[in-house]
$ cat structure-v7.cif   # mmCIF, C-alpha atoms
data_run
#
loop_
_atom_site.label_atom_id
_atom_site.label_comp_id
_atom_site.auth_asym_id
_atom_site.auth_seq_id
_atom_site.Cartn_x
_atom_site.Cartn_y
_atom_site.Cartn_z
CA MET A 1 141.18 103.83 91.79
CA SER A 2 140.98 100.28 90.45
CA SER A 3 141.44 99.53 86.75
CA SER A 4 137.77 98.50 86.47
CA SER A 5 136.69 101.82 87.99
CA ARG A 6 138.88 103.75 85.57
CA LYS A 7 137.40 101.84 82.63
CA ALA A 8 133.87 102.56 83.83
CA ARG A 9 134.72 106.24 84.23
CA ASP A 10 136.22 106.37 80.71
CA ARG A 11 133.17 104.69 79.19
CA GLY A 12 131.03 107.35 80.83
CA ALA A 13 133.01 110.17 79.18
CA GLN A 14 130.82 110.31 76.08
CA THR A 15 129.79 113.29 73.98
CA ASP A 16 126.79 113.18 71.68
CA HIS A 17 126.39 115.50 68.70
CA VAL A 18 122.92 115.60 67.14
CA VAL A 19 122.73 117.01 63.61
CA MET A 20 120.03 117.23 60.92
CA TRP A 21 120.43 117.96 57.21
CA LYS A 22 118.07 118.33 54.28
CA PRO A 23 118.79 117.96 50.56
CA CYS A 24 118.49 121.21 48.63
CA SER A 25 116.68 119.92 45.54
CA GLU A 26 114.55 116.96 46.73
CA PRO A 27 112.29 116.21 49.70
CA GLY A 28 114.14 114.56 52.55
CA LEU A 29 115.81 114.74 55.94
CA GLU A 30 118.73 113.12 57.76
CA HIS A 31 119.02 112.74 61.54
CA LEU A 32 122.45 111.86 62.91
CA THR A 33 123.64 111.11 66.42
CA LEU A 34 127.45 111.08 66.61
CA ARG A 35 128.69 109.48 69.83
CA VAL A 36 132.31 110.21 70.71
CA SER A 37 133.87 108.35 73.63
CA SER A 38 137.37 107.55 74.80
CA GLU A 39 137.17 104.15 73.08
CA GLU A 40 135.34 104.65 69.77
CA ILE A 41 133.19 106.89 67.61
CA ILE A 42 129.74 105.74 66.50
CA ALA A 43 127.60 107.46 63.88
CA ASP A 44 123.93 106.42 64.00
CA GLY A 45 121.87 107.95 61.20
CA VAL A 46 118.44 107.78 59.58
CA VAL A 47 117.80 109.23 56.11
CA ILE A 48 114.47 109.62 54.33
CA GLY A 49 114.42 110.99 50.83
CA VAL A 50 113.80 110.49 47.14
CA GLU A 51 116.29 108.81 44.83
CA LEU A 52 115.74 107.88 41.20
CA GLY A 53 112.19 109.17 41.51
CA GLN A 54 111.31 106.82 44.40
CA PRO A 55 111.05 107.51 48.14
CA PHE A 56 113.38 105.55 50.40
CA ARG A 57 114.21 105.14 54.09
CA MET A 58 117.70 104.18 55.21
CA GLN A 59 119.35 103.50 58.54
CA TYR A 60 123.12 103.34 58.96
CA THR A 61 125.71 102.80 61.67
CA VAL A 62 129.36 103.62 61.08
CA ARG A 63 131.85 102.63 63.80
CA CYS A 64 135.30 104.23 63.89
CA ASP A 65 138.30 104.18 66.16
CA ARG A 66 139.46 107.38 67.85
CA THR A 67 141.26 108.55 64.69
CA PHE A 68 138.03 108.42 62.65
CA THR A 69 139.28 105.36 60.81
CA VAL A 70 136.23 103.29 59.83
CA ARG A 71 136.04 99.83 61.37
CA SER A 72 132.53 98.75 60.35
CA VAL A 73 129.50 99.89 58.34
CA GLU A 74 125.93 98.61 58.56
CA ILE A 75 123.17 99.91 56.29
CA ALA A 76 119.54 98.84 55.93
CA CYS A 77 117.38 100.40 53.24
CA ASN A 78 113.65 100.25 52.48
CA PRO A 79 112.40 97.84 55.18
CA ARG A 80 109.55 96.40 53.08
CA LEU A 81 112.01 95.29 50.39
CA LEU A 82 114.97 95.09 52.71
CA ARG A 83 118.42 95.66 51.35
CA ARG A 84 121.18 95.23 53.89
CA LEU A 85 124.92 95.79 53.71
CA VAL A 86 127.49 94.95 56.38
CA LEU A 87 131.20 95.69 55.90
CA HIS A 88 134.15 95.26 58.25
CA HIS A 89 137.51 97.02 57.95
CA ASP A 90 140.79 96.10 59.62
CA GLY A 91 141.95 99.73 59.64
CA SER A 92 144.64 99.07 57.02
CA GLY A 93 142.59 99.00 53.81
CA ASN A 94 141.31 95.41 53.92
CA TRP A 95 137.54 94.83 53.88
CA THR A 96 135.34 91.81 54.51
CA ASP A 97 131.62 91.14 54.24
CA SER A 98 129.28 90.03 57.02
CA GLY A 99 130.49 86.44 56.68
CA GLY A 100 134.18 87.36 56.84
CA ALA A 101 134.87 86.88 53.12
CA PRO A 102 137.48 89.33 51.76
CA LEU A 103 136.26 92.03 49.37
CA LEU A 104 139.29 92.38 47.13
CA GLY A 105 137.73 95.11 44.99
CA LEU A 106 137.72 97.42 48.04
CA ARG A 107 141.35 96.83 49.02
CA GLY A 108 143.17 100.06 49.79
CA CYS A 109 140.03 102.04 50.70
CA MET A 110 140.19 103.80 54.07
CA ASP A 111 136.88 105.68 54.22
CA VAL A 112 133.26 105.18 53.19
CA ASP A 113 131.04 107.55 51.22
CA ILE A 114 127.27 106.96 51.44
CA SER A 115 125.77 108.75 48.46
CA VAL A 116 122.81 110.36 50.28
CA SER A 117 124.58 111.47 53.47
CA PRO A 118 126.83 114.50 54.04
CA PHE A 119 128.05 112.91 57.27
CA THR A 120 130.48 110.57 55.52
CA ASN A 121 132.48 113.58 54.28
CA THR A 122 133.42 114.07 57.93
CA LEU A 123 135.35 110.79 57.97
CA PRO A 124 138.27 111.72 55.66
CA ILE A 125 138.20 115.34 56.87
CA ARG A 126 138.79 114.28 60.46
CA ARG A 127 141.08 111.34 59.65
CA LEU A 128 143.37 113.30 57.32
CA GLY A 129 143.58 116.55 59.27
CA ILE A 130 144.84 118.50 56.24
CA LYS A 131 145.66 122.20 56.65
CA PRO A 132 144.73 125.19 54.43
CA GLY A 133 146.44 124.86 51.07
CA GLU A 134 146.96 121.11 51.43
CA SER A 135 145.15 118.34 49.56
CA ALA A 136 144.99 114.55 49.69
CA GLU A 137 143.83 111.86 47.27
CA ILE A 138 142.15 108.84 48.80
CA ASN A 139 140.33 105.64 47.87
CA VAL A 140 136.89 105.30 49.45
CA VAL A 141 134.17 102.66 49.55
CA TYR A 142 131.40 104.41 47.63
CA ILE A 143 127.90 103.13 48.49
CA GLU A 144 125.06 104.12 46.19
CA VAL A 145 121.58 104.30 47.72
CA PRO A 146 119.18 102.52 47.39
CA GLY A 147 121.13 99.74 45.63
CA LEU A 148 123.82 99.41 48.34
CA GLU A 149 126.43 98.07 45.93
CA PRO A 150 129.87 99.09 47.29
CA SER A 151 132.64 100.09 44.89
CA SER A 152 136.05 101.69 45.10
CA GLU A 153 136.25 105.36 44.12
CA ARG A 154 139.17 107.78 43.95
CA GLN A 155 138.52 111.18 45.58
CA ARG A 156 140.40 114.34 46.47
CA TYR A 157 139.94 116.68 49.42
CA THR A 158 141.52 120.15 49.48
CA CYS A 159 141.44 122.44 52.50
CA LEU A 160 140.66 125.91 51.16
CA ASP A 161 140.68 128.06 54.30
CA ALA A 162 139.95 127.99 58.02
CA SER A 163 138.61 130.41 60.60
CA SER A 164 137.89 130.13 64.31
CA GLY A 165 134.53 128.44 63.79
CA ALA A 166 134.46 127.01 60.27
CA THR A 167 136.67 125.40 57.63
CA ARG A 168 136.08 125.10 53.88
CA TYR A 169 137.07 122.10 51.77
CA ARG A 170 136.76 121.22 48.12
CA TYR A 171 135.56 117.69 47.46
CA GLU A 172 136.28 116.09 44.08
CA SER A 173 135.28 112.73 42.66
CA LEU A 174 138.17 111.80 40.37
CA VAL A 175 135.91 109.20 38.69
CA SER A 176 132.88 111.31 37.75
CA GLY A 177 134.51 114.76 37.75
CA PHE A 178 131.94 116.09 40.25
CA SER A 179 133.25 118.69 42.70
CA ALA A 180 131.69 120.78 45.47
CA ASP A 181 132.81 123.13 48.22
CA LEU A 182 131.94 122.10 51.77
CA GLN A 183 131.85 124.17 54.93
CA VAL A 184 132.25 122.32 58.23
CA ASP A 185 132.15 123.26 61.90
CA ARG A 186 134.78 122.61 64.56
CA GLU A 187 133.76 118.95 64.76
CA GLY A 188 134.18 118.49 61.00
CA LEU A 189 130.41 118.18 60.49
CA VAL A 190 129.02 119.74 57.33
CA THR A 191 127.11 123.01 57.70
CA ARG A 192 126.77 123.62 53.96
CA TYR A 193 127.47 121.35 51.01
CA ALA A 194 127.29 123.63 47.95
CA ASP A 195 123.73 123.38 46.60
CA VAL A 196 123.38 119.70 47.55
CA PHE A 197 122.81 119.59 51.35
CA GLU A 198 122.00 122.17 54.02
CA ARG A 199 122.21 121.71 57.77
CA VAL A 200 118.98 122.55 59.58
CA TRP A 201 119.94 121.56 63.16
CA PRO A 202 121.77 123.10 64.84
CA ALA A 203 121.28 126.15 62.62
#
$ encode --input "structure-v7.cif" --output "structure tokens"
Amino acid sequence: MSSSSRKARDRGAQTDHVVMWKPCSEPGLEHLTLRVSSEEIIADGVVIGVELGQPFRMQYTVRCDRTFTVRSVEIACNPRLLRRLVLHHDGSGNWTDSGGAPLLGLRGCMDVDISVSPFTNTLPIRRLGIKPGESAEINVVYIEVPGLEPSSERQRYTCLDASSGATRYRYESLVSGFSADLQVDREGLVTRYADVFERVWPA
């Protein structure tokens, strides 16, 4: 088999995971398609909801390498009054904007946390691979919706326990003091996020 044939075969080895969540206390819905291939991982999501008393619509794309290390983030929010954010990551904690300018305030961050999406909890869970009883403190790029102003935030993840089909983690924001227990499936995708988010597909 030629090298070009092998590359074509590898590109075809793609798995798609389709997931939907709803917030527990506000109207809304998120639809995510997570595409996992031999070359990269792409999360393509749409969120509709209410934030600060106003409805919003947001689209995001997060591209990662095979270790779930984020390499780029693109977010567009509220098309009529478009807010757009594009970030690039070199995989070692250095971030740049869409024009290539360094974002020094985000230096050292390895993951992203989009405020209205439970998907982004999957990123450190999969990247870190911590076992029951272990914990890790990380710096993340925290992105508040609908403002889309990125900032650095210190967080902690603790793996509480694991079974054959589910694992529980405790998420803590070391800035705000907020904490919540998360349950995830074998792919690291949230099935229950305390009383904040609930997965509705697959049930």
$ resolve_selection --input "structure-v7.cif" --expression "the PyMOL selection byres ((chain A and resi 152) around 7)" --output "PyMOL selection string"
chain A and resi 105-106+109+139-142+151+153-154
$ residues_around --input "structure-v7.cif" --residues "region 88-91 of chain A" --least-positions-apart "2" --cutoff "6 Å" --atoms "all atoms listed in the file" --output "VMD selection string"
chain A and resid 71 to 72 93 to 96
$ resolve_selection --input "structure-v7.cif" --expression "the PyMOL selection byres ((chain A and resi 173) around 8)" --output "PyMOL selection string"
chain A and resi 153-156+171-172+174-179
$ resolve_selection --input "structure-v7.cif" --expression "the PyMOL selection byres ((chain A and resi 20) around 12)" --output "NGL selection string"
:A and (17-19 or 21-23 or 28-34 or 44-48 or 117-119 or 189-192 or 197-203)
$ residues_near_point --input "structure-v7.cif" --point "(136.9, 107.8, 74.7)" --cutoff "8 Å" --atoms "all atoms listed in the file" --output "PyMOL selection string"
chain A and resi 10-11+13-14+36-40+66
$ closest_residue --input "structure-v7.cif" --among "A:Thr167, A:Gln183, A:Thr122, A:Ser115" --to "Glu144 (chain A)" --atoms "only C-alpha atoms"
A:Ser115
$ build_atoms --input "structure-v7.cif" --residues "region 104-136 of chain A" --atoms "N, CA and C atoms" --output "compact mmCIF listing (two decimals), keeping the file's coordinate frame"
# COMPACT_ATOMS: atom_id res chain seq x y z
N LEU A 104 138.03 91.95 47.73
CA LEU A 104 139.29 92.38 47.13
C LEU A 104 139.13 93.66 46.31
N GLY A 105 137.94 93.90 45.77
CA GLY A 105 137.73 95.11 44.99
C GLY A 105 137.77 96.38 45.81
N LEU A 106 137.70 96.25 47.15
CA LEU A 106 137.72 97.42 48.04
C LEU A 106 139.08 97.59 48.71
N ARG A 107 140.03 96.76 48.36
CA ARG A 107 141.35 96.83 49.02
C ARG A 107 141.98 98.20 48.79
N GLY A 108 142.51 98.76 49.86
CA GLY A 108 143.17 100.06 49.79
C GLY A 108 142.27 101.22 50.17
N CYS A 109 140.96 100.97 50.28
CA CYS A 109 140.03 102.04 50.70
C CYS A 109 140.12 102.23 52.22
N MET A 110 140.10 103.49 52.64
CA MET A 110 140.19 103.80 54.07
C MET A 110 138.90 104.40 54.63
N ASP A 111 138.10 105.00 53.77
CA ASP A 111 136.88 105.68 54.22
C ASP A 111 135.68 105.12 53.48
N VAL A 112 134.47 105.52 53.92
CA VAL A 112 133.26 105.18 53.19
C VAL A 112 132.54 106.47 52.81
N ASP A 113 131.81 106.42 51.70
CA ASP A 113 131.04 107.55 51.22
C ASP A 113 129.65 107.03 50.86
N ILE A 114 128.66 107.34 51.71
CA ILE A 114 127.27 106.96 51.44
C ILE A 114 126.66 108.08 50.61
N SER A 115 126.12 107.75 49.46
CA SER A 115 125.77 108.75 48.46
C SER A 115 124.77 109.79 48.95
N VAL A 116 123.88 109.43 49.87
CA VAL A 116 122.81 110.36 50.28
C VAL A 116 123.09 111.05 51.61
N SER A 117 124.29 110.91 52.15
CA SER A 117 124.58 111.47 53.47
C SER A 117 125.80 112.38 53.46
N PRO A 118 125.65 113.65 53.91
CA PRO A 118 126.83 114.50 54.04
C PRO A 118 127.72 114.13 55.22
N PHE A 119 127.21 113.27 56.13
CA PHE A 119 128.05 112.91 57.27
C PHE A 119 129.35 112.25 56.84
N THR A 120 129.28 111.36 55.83
CA THR A 120 130.48 110.57 55.52
C THR A 120 131.62 111.42 54.98
N ASN A 121 131.37 112.69 54.61
CA ASN A 121 132.48 113.58 54.28
C ASN A 121 133.31 113.91 55.52
N THR A 122 132.69 113.81 56.69
CA THR A 122 133.42 114.07 57.93
C THR A 122 134.55 113.07 58.15
N LEU A 123 134.38 111.84 57.68
CA LEU A 123 135.35 110.79 57.97
C LEU A 123 136.74 111.11 57.44
N PRO A 124 136.92 111.37 56.12
CA PRO A 124 138.27 111.72 55.66
C PRO A 124 138.74 113.08 56.17
N ILE A 125 137.80 114.03 56.35
CA ILE A 125 138.20 115.34 56.87
C ILE A 125 138.85 115.21 58.24
N ARG A 126 138.23 114.44 59.13
CA ARG A 126 138.79 114.28 60.46
C ARG A 126 140.01 113.36 60.46
N ARG A 127 139.96 112.30 59.67
CA ARG A 127 141.08 111.34 59.65
C ARG A 127 142.35 111.96 59.08
N LEU A 128 142.20 112.74 58.00
CA LEU A 128 143.37 113.30 57.32
C LEU A 128 143.96 114.50 58.04
N GLY A 129 143.10 115.36 58.56
CA GLY A 129 143.58 116.55 59.27
C GLY A 129 144.41 117.48 58.40
N ILE A 130 144.04 117.64 57.13
CA ILE A 130 144.84 118.50 56.24
C ILE A 130 144.62 119.97 56.58
N LYS A 131 145.65 120.78 56.32
CA LYS A 131 145.66 122.20 56.65
C LYS A 131 145.35 123.03 55.41
N PRO A 132 145.01 124.33 55.60
CA PRO A 132 144.73 125.19 54.43
C PRO A 132 145.86 125.16 53.41
N GLY A 133 145.47 124.96 52.16
CA GLY A 133 146.44 124.86 51.07
C GLY A 133 146.89 123.46 50.78
N GLU A 134 146.56 122.50 51.64
CA GLU A 134 146.96 121.11 51.43
C GLU A 134 145.81 120.32 50.80
N SER A 135 146.16 119.23 50.13
CA SER A 135 145.15 118.34 49.56
C SER A 135 145.61 116.90 49.71
N ALA A 136 144.67 115.98 49.58
CA ALA A 136 144.99 114.55 49.69
C ALA A 136 144.06 113.77 48.77
